[in-house]
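**Student:** Supplied structure: protein26.cif, mmCIF, C-alpha atoms and all ligand atoms.
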data_query
#
loop_
_atom_site.label_atom_id
_atom_site.label_comp_id
_atom_site.auth_asym_id
_atom_site.auth_seq_id
_atom_site.Cartn_x
_atom_site.Cartn_y
_atom_site.Cartn_z
CA MET A 1 77.31 140.87 128.19
CA ALA A 2 77.52 144.17 130.04
CA ASP A 3 75.74 144.09 133.39
CA ARG A 4 76.60 147.45 134.93
CA ALA A 5 79.18 150.17 134.85
CA GLU A 6 80.84 152.55 137.24
CA GLY A 7 83.58 155.12 136.84
CA LEU A 8 86.14 153.92 134.33
CA GLU A 9 84.86 150.36 134.28
CA ILE A 10 82.26 148.20 132.57
CA VAL A 11 81.28 145.17 134.66
CA LEU A 12 80.37 142.03 132.71
CA ASP A 13 77.70 139.54 133.77
CA ASP A 14 80.43 137.10 134.82
CA GLY A 15 81.90 139.71 137.19
CA ARG A 16 84.93 140.66 135.06
CA ARG A 17 85.71 144.38 135.00
CA LEU A 18 87.10 146.16 131.93
CA ILE A 19 88.49 149.70 131.76
CA ASP A 20 86.50 151.45 129.04
CA ALA A 21 89.36 152.72 126.86
CA VAL A 22 86.94 154.08 124.24
CA SER A 23 84.56 155.73 126.74
CA SER A 24 81.76 153.89 124.97
CA TRP A 25 82.34 155.58 121.63
CA TRP A 26 83.82 158.73 123.17
CA CYS A 27 80.85 159.97 125.16
CA VAL A 28 81.46 158.87 128.77
CA ALA A 29 83.47 161.96 129.70
CA HIS A 30 83.05 161.96 133.50
CA GLY A 31 83.03 158.18 133.94
CA HIS A 32 80.12 155.75 133.76
CA ARG A 33 76.99 156.17 135.89
CA HIS A 34 78.03 159.46 137.41
CA PRO A 35 75.88 159.97 140.57
CA ALA A 36 75.15 163.66 139.85
CA ILE A 37 73.91 162.91 136.33
CA VAL A 38 71.91 159.85 137.38
CA GLU A 39 70.26 161.88 140.15
CA ALA A 40 69.37 164.73 137.76
CA MET A 41 67.77 162.23 135.37
CA ARG A 42 65.86 160.53 138.18
CA ARG A 43 64.46 163.82 139.49
CA GLN A 44 63.40 164.90 136.01
CA ALA A 45 61.80 161.51 135.27
CA GLU A 46 59.64 161.89 138.39
CA LYS A 47 58.44 165.33 137.31
CA LEU A 48 58.20 165.61 133.51
CA PRO A 49 59.78 162.79 131.50
CA HIS A 50 58.58 164.23 128.22
CA VAL A 51 56.41 166.86 126.58
CA MET A 52 56.25 167.91 122.94
CA PHE A 53 58.66 170.75 122.12
CA GLY A 54 56.30 172.58 119.79
CA GLY A 55 54.12 175.11 121.61
CA PHE A 56 55.71 174.06 124.92
CA THR A 57 59.10 174.68 126.40
CA HIS A 58 60.43 173.53 129.78
CA GLU A 59 63.01 174.43 132.35
CA PRO A 60 65.76 171.85 131.52
CA ALA A 61 65.70 172.92 127.85
CA VAL A 62 65.77 176.64 128.65
CA GLU A 63 68.57 176.10 131.15
CA LEU A 64 70.60 173.94 128.78
CA ALA A 65 70.24 176.38 125.88
CA ARG A 66 71.36 179.21 128.16
CA ARG A 67 74.42 177.23 129.30
CA LEU A 68 75.38 176.08 125.82
CA ALA A 69 75.24 179.67 124.59
CA GLU A 70 77.47 180.62 127.54
CA ILE A 71 80.20 178.11 126.75
CA ALA A 72 79.94 178.28 122.95
CA PRO A 73 82.20 180.53 120.89
CA PRO A 74 80.86 184.09 121.24
CA GLY A 75 77.96 184.79 118.89
CA LEU A 76 76.75 181.20 118.56
CA ASP A 77 73.80 181.72 120.87
CA ARG A 78 70.88 180.17 118.96
CA VAL A 79 70.33 176.55 119.95
CA PHE A 80 68.40 173.75 118.25
CA PHE A 81 68.10 170.41 120.05
CA ALA A 82 68.45 167.09 118.24
CA ASP A 83 68.11 163.52 119.44
CA SER A 84 71.51 162.34 118.20
CA GLY A 85 74.71 163.62 116.70
CA SER A 86 73.71 162.54 113.19
CA ILE A 87 70.46 164.48 113.46
CA SER A 88 72.29 167.59 114.66
CA VAL A 89 74.48 167.44 111.53
CA GLU A 90 71.39 167.01 109.33
CA VAL A 91 69.92 170.05 111.07
CA ALA A 92 73.12 172.05 110.46
CA ALA A 93 73.10 171.20 106.76
CA LYS A 94 69.40 172.03 106.45
CA MET A 95 69.99 175.35 108.24
CA ALA A 96 72.70 176.23 105.72
CA VAL A 97 70.46 175.44 102.75
CA GLN A 98 67.46 177.25 104.25
CA TYR A 99 69.69 180.26 105.01
CA GLN A 100 70.90 180.43 101.40
CA ASN A 101 67.36 179.99 100.17
CA ALA A 102 66.16 182.88 102.34
CA LEU A 103 68.86 185.02 100.69
CA GLY A 104 67.46 184.16 97.27
CA ARG A 105 70.19 181.65 96.39
CA PRO A 106 68.32 178.34 96.03
CA GLU A 107 71.03 177.02 93.68
CA ARG A 108 73.34 176.75 96.68
CA ASN A 109 72.04 173.39 97.80
CA ARG A 110 75.18 171.32 98.23
CA LEU A 111 77.98 171.20 100.77
CA LEU A 112 81.72 170.86 100.64
CA ALA A 113 83.16 168.27 103.02
CA LEU A 114 86.58 166.68 103.55
CA LYS A 115 87.82 163.27 102.54
CA GLY A 116 88.60 161.33 105.71
CA GLY A 117 85.68 162.97 107.51
CA TYR A 118 82.81 161.36 109.39
CA HIS A 119 79.52 163.05 110.24
CA GLY A 120 77.12 160.27 111.20
CA ASP A 121 75.19 157.33 109.82
CA THR A 122 71.95 158.82 108.47
CA SER A 123 71.86 159.33 104.71
CA LEU A 124 72.68 163.04 104.58
CA CYS A 125 75.50 162.48 107.09
CA MET A 126 76.84 159.51 105.12
CA ALA A 127 76.87 161.70 102.02
CA LEU A 128 79.08 164.19 103.88
CA SER A 129 81.47 161.54 105.20
CA ASP A 130 84.56 160.14 103.44
CA PRO A 131 83.26 158.84 100.08
CA ASP A 132 85.61 155.85 100.29
CA GLY A 133 85.11 155.21 104.01
CA MET A 134 82.79 152.96 105.93
CA HIS A 135 79.62 153.93 104.03
CA VAL A 136 80.85 152.95 100.56
CA LEU A 137 78.14 150.28 100.26
CA PHE A 138 75.42 152.98 100.27
CA LYS A 139 76.84 155.29 97.61
CA GLY A 140 73.72 154.80 95.47
CA LEU A 141 71.52 156.26 98.21
CA MET A 142 73.44 159.48 98.55
CA THR A 143 73.22 162.95 97.08
CA ARG A 144 76.58 163.98 95.64
CA HIS A 145 78.42 166.71 97.53
CA PHE A 146 81.85 168.24 96.93
CA PHE A 147 85.00 166.95 98.59
CA ALA A 148 88.44 168.36 99.23
CA GLU A 149 91.42 166.09 99.92
CA LYS A 150 92.04 164.95 103.48
CA PRO A 151 94.09 167.60 105.34
CA SER A 152 97.61 166.21 105.57
CA ILE A 153 99.65 168.64 107.67
CA PRO A 154 99.60 167.53 111.33
CA THR A 155 98.37 169.77 114.15
CA ASN A 156 101.87 170.62 115.37
CA GLY A 157 103.59 170.41 111.98
CA ALA A 158 104.92 173.29 109.88
CA TRP A 159 102.15 174.88 107.80
CA ASP A 160 102.59 175.10 104.06
CA GLN A 161 100.06 176.99 101.88
CA SER A 162 99.83 174.02 99.52
CA GLY A 163 98.14 172.11 102.38
CA ALA A 164 94.83 173.77 101.42
CA ASP A 165 95.26 173.73 97.61
CA SER A 166 92.55 171.17 97.05
CA LEU A 167 90.08 173.15 99.18
CA ARG A 168 90.83 176.33 97.22
CA ARG A 169 90.47 174.49 93.92
CA VAL A 170 87.02 173.08 94.74
CA MET A 171 85.83 176.49 95.95
CA ALA A 172 87.15 178.21 92.84
CA GLU A 173 85.28 175.74 90.67
CA HIS A 174 82.03 175.29 92.62
CA GLY A 175 81.95 178.12 95.20
CA ASN A 176 78.66 179.46 93.85
CA GLU A 177 76.85 176.13 94.29
CA ILE A 178 78.02 175.58 97.85
CA ALA A 179 75.76 176.39 100.82
CA ALA A 180 78.39 175.58 103.45
CA ILE A 181 81.68 173.89 104.19
CA VAL A 182 81.44 171.23 106.89
CA CYS A 183 84.32 169.58 108.76
CA GLU A 184 85.43 168.03 112.01
CA PRO A 185 87.83 170.75 113.20
CA ILE A 186 91.42 169.60 114.02
CA PHE A 187 90.45 165.94 114.61
CA GLN A 188 88.93 163.76 111.90
CA ALA A 189 87.83 160.88 114.07
CA ALA A 190 85.79 157.86 112.94
CA ASN A 191 87.00 157.61 109.34
CA ALA A 192 90.64 158.68 109.57
CA MET A 193 91.87 159.31 113.13
CA ASN A 194 93.69 162.32 111.67
CA PHE A 195 94.91 165.37 113.63
CA TYR A 196 95.45 168.35 111.32
CA HIS A 197 96.71 171.93 111.33
CA PRO A 198 94.61 174.88 112.63
CA GLU A 199 95.73 177.07 109.70
CA TYR A 200 93.58 174.81 107.52
CA LEU A 201 90.50 176.09 109.40
CA ARG A 202 91.59 179.72 108.98
CA GLU A 203 91.82 179.12 105.24
CA MET A 204 88.34 177.60 105.32
CA ARG A 205 86.97 180.70 107.06
CA ARG A 206 88.57 182.98 104.45
CA LEU A 207 87.13 180.94 101.59
CA CYS A 208 83.64 180.83 103.13
CA ASP A 209 83.66 184.62 103.50
CA GLU A 210 84.96 185.10 99.97
CA TYR A 211 82.34 182.84 98.37
CA GLY A 212 79.36 183.53 100.63
CA ALA A 213 79.23 180.01 102.10
CA LEU A 214 78.57 179.23 105.75
CA LEU A 215 81.10 177.36 107.88
CA ILE A 216 79.90 174.37 109.92
CA PHE A 217 82.12 172.80 112.58
CA ASP A 218 81.13 169.33 113.72
CA GLU A 219 82.50 169.26 117.29
CA ILE A 220 80.59 166.10 118.24
CA ALA A 221 83.72 164.00 118.77
CA ALA A 222 86.42 166.61 119.39
CA GLY A 223 84.40 169.14 121.39
CA LEU A 224 84.10 169.27 125.18
CA TYR A 225 87.84 168.95 125.83
CA ARG A 226 88.69 165.71 123.97
CA THR A 227 91.73 167.31 122.30
CA GLY A 228 92.54 169.74 125.16
CA PRO A 229 90.67 173.04 124.70
CA ARG A 230 86.88 173.11 125.24
CA TRP A 231 86.32 173.25 121.47
CA ALA A 232 88.90 171.77 119.13
CA HIS A 233 88.62 174.75 116.76
CA GLU A 234 89.79 177.18 119.50
CA ARG A 235 93.33 176.44 118.30
CA SER A 236 92.50 178.28 115.07
CA GLY A 237 91.16 181.49 116.63
CA ILE A 238 88.35 181.67 114.06
CA MET A 239 84.66 180.91 114.47
CA PRO A 240 82.10 178.87 112.58
CA ASP A 241 78.56 180.05 111.74
CA ILE A 242 77.05 176.76 112.88
CA MET A 243 78.41 174.15 115.28
CA THR A 244 77.22 170.71 116.37
CA VAL A 245 77.72 169.25 119.85
CA GLY A 246 76.86 165.72 120.98
CA LYS A 247 78.53 162.62 122.42
CA ALA A 248 79.95 163.93 125.75
CA LEU A 249 77.10 166.46 126.12
CA THR A 250 75.21 164.21 128.57
CA GLY A 251 78.43 162.65 129.79
CA GLY A 252 77.45 159.47 127.96
CA HIS A 253 74.23 158.80 129.86
CA VAL A 254 71.51 159.29 127.25
CA THR A 255 71.35 160.47 123.67
CA LEU A 256 71.19 164.23 122.99
CA ALA A 257 72.87 166.67 120.63
CA ALA A 258 72.53 170.32 119.72
CA THR A 259 73.11 172.54 116.72
CA LEU A 260 74.26 176.05 117.58
CA ALA A 261 73.97 178.91 115.13
CA SER A 262 74.71 182.60 114.97
CA ALA A 263 71.97 185.21 115.17
CA ARG A 264 72.68 186.05 111.52
CA VAL A 265 71.86 182.50 110.43
CA ALA A 266 68.77 182.23 112.66
CA ASP A 267 67.39 185.68 111.80
CA THR A 268 67.96 185.23 108.07
CA ILE A 269 66.04 181.93 108.16
CA SER A 270 63.23 183.55 110.19
CA ALA A 271 62.99 186.43 107.70
CA GLY A 272 62.63 183.97 104.79
CA ARG A 273 59.74 181.88 103.60
CA PRO A 274 58.94 179.53 105.26
CA SER A 275 59.97 181.52 108.33
CA ALA A 276 60.09 178.46 110.60
CA PHE A 277 63.12 176.19 110.50
CA MET A 278 61.76 173.03 108.92
CA HIS A 279 62.71 170.34 111.43
CA GLY A 280 60.82 169.03 114.46
CA PRO A 281 61.52 165.52 115.71
CA THR A 282 59.17 163.86 118.20
CA TYR A 283 61.61 163.71 121.09
CA MET A 284 63.25 167.07 120.46
CA ALA A 285 64.70 168.50 123.69
CA ASN A 286 63.60 165.53 125.78
CA PRO A 287 63.55 166.83 129.40
CA ILE A 288 65.42 163.86 130.93
CA ALA A 289 68.19 164.21 128.35
CA CYS A 290 68.36 167.99 128.87
CA ALA A 291 68.57 167.49 132.65
CA ALA A 292 71.41 164.99 132.15
CA ALA A 293 73.24 167.48 129.91
CA CYS A 294 72.84 170.31 132.45
CA ALA A 295 74.34 168.06 135.14
CA SER A 296 77.14 167.08 132.76
CA LEU A 297 77.92 170.74 131.97
CA ASP A 298 77.97 171.42 135.75
CA LEU A 299 80.70 168.81 136.05
CA PHE A 300 82.66 170.32 133.13
CA ALA A 301 82.39 173.73 134.86
CA ALA A 302 83.40 172.44 138.29
CA SER A 303 86.94 171.37 137.42
CA ASP A 304 89.69 172.04 134.93
CA TYR A 305 89.13 169.48 132.15
CA SER A 306 91.87 170.93 129.96
CA ALA A 307 94.31 170.13 132.76
CA LYS A 308 92.91 166.60 133.15
CA VAL A 309 93.31 166.06 129.41
CA ALA A 310 96.89 167.39 129.50
CA GLU A 311 97.66 164.75 132.18
CA ILE A 312 96.13 162.01 130.01
CA GLU A 313 98.13 163.21 127.00
CA LYS A 314 101.34 163.10 129.04
CA ALA A 315 100.54 159.57 130.27
CA PHE A 316 99.83 158.44 126.69
CA ARG A 317 103.16 159.88 125.50
CA GLU A 318 105.05 158.05 128.25
CA GLY A 319 103.07 154.82 127.95
CA LEU A 320 103.35 154.55 124.16
CA ALA A 321 107.01 155.59 123.86
CA GLY A 322 108.81 153.08 121.62
CA VAL A 323 105.61 151.51 120.24
CA GLU A 324 106.27 153.29 116.91
CA ARG A 325 109.30 151.00 116.44
CA LEU A 326 107.25 147.77 116.45
CA GLU A 327 107.26 146.00 113.10
CA ASN A 328 103.48 146.14 112.59
CA VAL A 329 103.17 149.83 113.52
CA ALA A 330 102.78 152.43 110.75
CA ASP A 331 102.35 155.51 112.97
CA VAL A 332 101.63 156.62 116.53
CA ARG A 333 99.87 159.95 117.09
CA ILE A 334 98.49 161.55 120.19
CA LEU A 335 96.47 164.71 120.77
CA GLY A 336 94.85 165.40 124.12
CA ALA A 337 92.88 162.40 125.36
CA ALA A 338 93.07 160.60 122.01
CA ALA A 339 95.87 158.16 121.16
CA VAL A 340 96.07 156.36 117.84
CA VAL A 341 98.34 153.44 117.00
CA GLU A 342 97.98 152.96 113.27
CA LEU A 343 98.87 149.40 112.34
CA LYS A 344 100.03 147.96 109.04
CA GLY A 345 97.56 145.13 109.58
CA MET A 346 94.94 144.50 112.27
CA PRO A 347 95.37 141.28 114.28
CA PRO A 348 92.54 138.72 114.07
CA ARG A 349 89.47 138.96 116.26
CA GLU A 350 90.73 136.22 118.65
CA ALA A 351 93.94 138.14 119.32
CA ILE A 352 91.98 141.32 120.07
CA ASP A 353 89.75 139.39 122.51
CA ASP A 354 92.83 137.89 124.12
CA VAL A 355 94.39 141.33 124.65
CA ILE A 356 91.13 142.61 126.19
CA ASP A 357 91.04 139.66 128.61
CA ALA A 358 94.72 139.75 129.48
CA HIS A 359 94.79 143.47 130.37
CA GLY A 360 91.22 144.00 131.54
CA VAL A 361 90.97 146.85 129.03
CA TRP A 362 88.10 147.29 126.58
CA LEU A 363 89.39 148.22 123.10
CA ARG A 364 87.34 148.52 119.94
CA PRO A 365 89.78 148.92 117.06
CA PHE A 366 88.52 149.53 113.53
CA ALA A 367 90.11 149.50 110.08
CA ASN A 368 93.85 149.63 110.91
CA PHE A 369 93.44 151.84 113.96
CA ALA A 370 94.14 150.61 117.47
CA TYR A 371 93.25 153.62 119.57
CA SER A 372 92.03 154.89 122.89
CA MET A 373 89.79 157.82 123.79
CA PRO A 374 89.24 157.10 127.49
CA PRO A 375 86.96 158.96 129.93
CA LEU A 376 88.44 162.41 130.58
CA VAL A 377 88.66 161.59 134.30
CA SER A 378 91.08 158.67 133.69
CA ASP A 379 94.08 158.65 136.03
CA ALA A 380 97.67 157.92 135.00
CA SER A 381 97.55 154.30 136.18
CA ALA A 382 94.47 153.58 134.05
CA VAL A 383 96.15 155.18 131.03
CA ARG A 384 99.27 153.07 131.67
CA ARG A 385 97.14 149.93 131.57
CA ILE A 386 95.49 151.07 128.36
CA CYS A 387 98.91 151.72 126.80
CA GLY A 388 100.01 148.22 127.83
CA ALA A 389 97.00 146.76 126.02
CA LEU A 390 97.60 148.89 122.89
CA ALA A 391 101.28 147.91 122.81
CA ASP A 392 100.36 144.25 123.21
CA LEU A 393 97.83 144.51 120.36
CA ALA A 394 100.45 146.17 118.17
CA SER A 395 102.84 143.27 118.81
CA ARG A 396 100.41 140.59 117.62
CA GLU A 397 100.59 138.99 114.21
CA PRO A 398 98.26 140.80 111.75
CA ALA A 399 95.41 138.86 110.13
CA PRO A 400 95.43 138.26 106.39
CA GLU A 401 93.84 141.19 104.46
CA LYS A 402 90.05 141.50 104.84
CA ASP A 403 87.76 142.93 102.21
CA ASP A 404 85.68 145.22 104.45
CA GLY A 405 88.61 147.20 105.80
CA GLY A 406 87.61 146.08 109.26
CA PHE A 407 84.87 148.69 109.51
CA HIS A 408 81.95 147.79 111.76
CA GLU A 409 83.54 144.44 112.66
C1 LIG B 1 79.63 160.25 116.38
C2 LIG B 1 79.69 161.37 115.45
C3 LIG B 1 78.54 161.82 114.78
C4 LIG B 1 77.21 161.11 114.88
O1 LIG B 1 76.69 161.14 116.17
P1 LIG B 1 75.63 160.01 116.60
O2 LIG B 1 75.18 160.45 117.96
O3 LIG B 1 76.36 158.71 116.59
O4 LIG B 1 74.52 160.05 115.60
C5 LIG B 1 78.66 162.93 113.96
N1 LIG B 1 79.82 163.57 113.80
C6 LIG B 1 80.94 163.16 114.43
C7 LIG B 1 82.20 163.94 114.25
C8 LIG B 1 80.92 162.04 115.26
O5 LIG B 1 82.05 161.62 115.84
#
So, in terms of structure tokens, how does the structure I just supplied come out?
Ligand SMILES: *Cc1c(COP(=O)(O)O)cnc(C)c1O

**Tutor:**
Amino acid sequence: MADRAEGLEIVLDDGRRLIDAVSSWWCVAHGHRHPAIVEAMRRQAEKLPHVMFGGFTHEPAVELARRLAEIAPPGLDRVFFADSGSISVEVAAKMAVQYQNALGRPERNRLLALKGGYHGDTSLCMALSDPDGMHVLFKGLMTRHFFAEKPSIPTNGAWDQSGADSLRRVMAEHGNEIAAIVCEPIFQAANAMNFYHPEYLREMRRLCDEYGALLIFDEIAAGLYRTGPRWAHERSGIMPDIMTVGKALTGGHVTLAATLASARVADTISAGRPSAFMHGPTYMANPIACAAACASLDLFAASDYSAKVAEIEKAFREGLAGVERLENVADVRILGAAAVVELKGMPPREAIDDVIDAHGVWLRPFANFAYSMPPLVSDASAVRRICGALADLASREPAPEKDDGGFHE
């Protein structure tokens, strides 16, 4: 039972304190209950907690859109607000289809996504996530999209043209039915914990241009410095047409996400029929959430988060050295403030609880992945403690095989 939280720690109702090694599903970038964000939310709540975002606009939304356009890759300056990451991906996919429709290409109504990807839990997002991943139970609910094989060449590995063969093959076969390619750039998080090569993204850009498809980058997990640079795709030097941002946007204080698009996408949609973009959720651009996000972006602007993440990466490399030799460990990989210890078998629930208690570190492993994505303000001593907990977990006896792959345990 969580009672309160501050900084790196969650405080339980019995007084125990746990370091949040997963930053509450990767969103608590500046630490829990940051005073500047809490204060911004309080002030906004006292003035205008909510107003409909059709016909009205308001200062926190205008300010946040302006700031997002400022820090986004150049040219992505049209902003659509969504109430969660999943919704922002739905919005991105709908934008791509509406864009193609406005160009007189209504047959382009499907997307190409990557095996190993994850884009959210609503039905369109599930349909774009790894077809054999955590959503397999709901296959019957989903529209079929196209999939390329999971990118297999690691971020710092040697690129080989064959690494994008499957992508090229699907485009050659179905390029004229595809509205957009969607991926998590560099870091496939929730379904695969896979770090892949930036050249793969350059190939994607080339194929999108060749076949007239849009390119959507889902930066919800990897964006805002998680892997080092502000946007994970910066490593590739190319740009998407549409990009989603969420999770750390409000520093993990309240739900909000955004879909950013180029002027070309927005203007093409507006020149089509219908000319409005067909999406308008009740709580779109909620003022309290926008105020929290503005305060969060202030914090990102006030110090060098890439440098903080480089320190965390270094501490992970030191703290996990040798763990790859443990008998139950299949692989250890680290990029920025994300460390993955892939196990051959996950220990039983009781062993995981015991590790959490013994180290005072909150871990939430899934499938065969013991991992940490701590708050980006974590210091070296906190990272050392997290590494101790991960190493301990990796040393425990694995449980007998389970039939659900450990997803959503
Ligand atoms: C978490 C996540 C989402 C979904 O965001 P929610 O806010 O949980 O709906 C989408 N894409 C990626 C890459 C994510 O990590």

**Student:** Which residue, A:His253, A:His197, A:Arg202, A:Lys247, has the smallest gap to ligand LIG 1 (chain B) when you use only C-alpha atoms and all ligand atoms?

**Tutor:**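 Counting only C-alpha atoms and all ligand atoms, the residue closest to ligand LIG 1 (chain B) is A:Lys247.
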
**Student:** Using all atoms listed in the file, which of A:Leu214, A:Asp165, A:Val136, A:Leu114 sits nearest A:Ile186?

**Tutor:** A:Leu114

**Student:** Box in all listed atoms of ligand LIG 1 (chain B), axis-aligned, with 8 Å more on each side; write out centre and edge lengths in Å to one decimal as lines of an AutoDock Vina configuration file.

**Tutor:**
center_x = 78.4
center_y = 161.3
center_z = 115.9
size_x = 23.7
size_y = 21.2
size_z = 20.2

**Student:** Work out how far apart atom CA of A:Leu48 and atom CA of A:Gly246 are and give it in Å to one decimal.

**Tutor:** 22.5 Å

**Student:** Just the residues within 9 Å of A:Glu327, please, counting all atoms listed in the file, with nothing from its chain fewer than 3 positions along; format it as a PyMOL selection string.

**Tutor:** chain A and resi 324+330+344+394-395

**Student:** Write out as a ChimeraX atom specification which residues come within 12 Å of A:Gly117 when counting all atoms listed in the file, dropping same-chain ones fewer than 6 positions away.

**Tutor:** /A:125-135,147-151,182-196,217-218,221

**Student:** Based on the selection just made, write C-alpha atoms of those residues as a PDB file, in the frame of the given file.

**Tutor:**
ATOM      1  CA  CYS A 125      75.500 162.480 107.090  1.00  0.00           C
ATOM      2  CA  MET A 126      76.840 159.510 105.120  1.00  0.00           C
ATOM      3  CA  ALA A 127      76.870 161.700 102.020  1.00  0.00           C
ATOM      4  CA  LEU A 128      79.080 164.190 103.880  1.00  0.00           C
ATOM      5  CA  SER A 129      81.470 161.540 105.200  1.00  0.00           C
ATOM      6  CA  ASP A 130      84.560 160.140 103.440  1.00  0.00           C
ATOM      7  CA  PRO A 131      83.260 158.840 100.080  1.00  0.00           C
ATOM      8  CA  ASP A 132      85.610 155.850 100.290  1.00  0.00           C
ATOM      9  CA  GLY A 133      85.110 155.210 104.010  1.00  0.00           C
ATOM     10  CA  MET A 134      82.790 152.960 105.930  1.00  0.00           C
ATOM     11  CA  HIS A 135      79.620 153.930 104.030  1.00  0.00           C
ATOM     12  CA  PHE A 147      85.000 166.950  98.590  1.00  0.00           C
ATOM     13  CA  ALA A 148      88.440 168.360  99.230  1.00  0.00           C
ATOM     14  CA  GLU A 149      91.420 166.090  99.920  1.00  0.00           C
ATOM     15  CA  LYS A 150      92.040 164.950 103.480  1.00  0.00           C
ATOM     16  CA  PRO A 151      94.090 167.600 105.340  1.00  0.00           C
ATOM     17  CA  VAL A 182      81.440 171.230 106.890  1.00  0.00           C
ATOM     18  CA  CYS A 183      84.320 169.580 108.760  1.00  0.00           C
ATOM     19  CA  GLU A 184      85.430 168.030 112.010  1.00  0.00           C
ATOM     20  CA  PRO A 185      87.830 170.750 113.200  1.00  0.00           C
ATOM     21  CA  ILE A 186      91.420 169.600 114.020  1.00  0.00           C
ATOM     22  CA  PHE A 187      90.450 165.940 114.610  1.00  0.00           C
ATOM     23  CA  GLN A 188      88.930 163.760 111.900  1.00  0.00           C
ATOM     24  CA  ALA A 189      87.830 160.880 114.070  1.00  0.00           C
ATOM     25  CA  ALA A 190      85.790 157.860 112.940  1.00  0.00           C
ATOM     26  CA  ASN A 191      87.000 157.610 109.340  1.00  0.00           C
ATOM     27  CA  ALA A 192      90.640 158.680 109.570  1.00  0.00           C
ATOM     28  CA  MET A 193      91.870 159.310 113.130  1.00  0.00           C
ATOM     29  CA  ASN A 194      93.690 162.320 111.670  1.00  0.00           C
ATOM     30  CA  PHE A 195      94.910 165.370 113.630  1.00  0.00           C
ATOM     31  CA  TYR A 196      95.450 168.350 111.320  1.00  0.00           C
ATOM     32  CA  PHE A 217      82.120 172.800 112.580  1.00  0.00           C
ATOM     33  CA  ASP A 218      81.130 169.330 113.720  1.00  0.00           C
ATOM     34  CA  ALA A 221      83.720 164.000 118.770  1.00  0.00           C
TER      35      ALA A 221
END
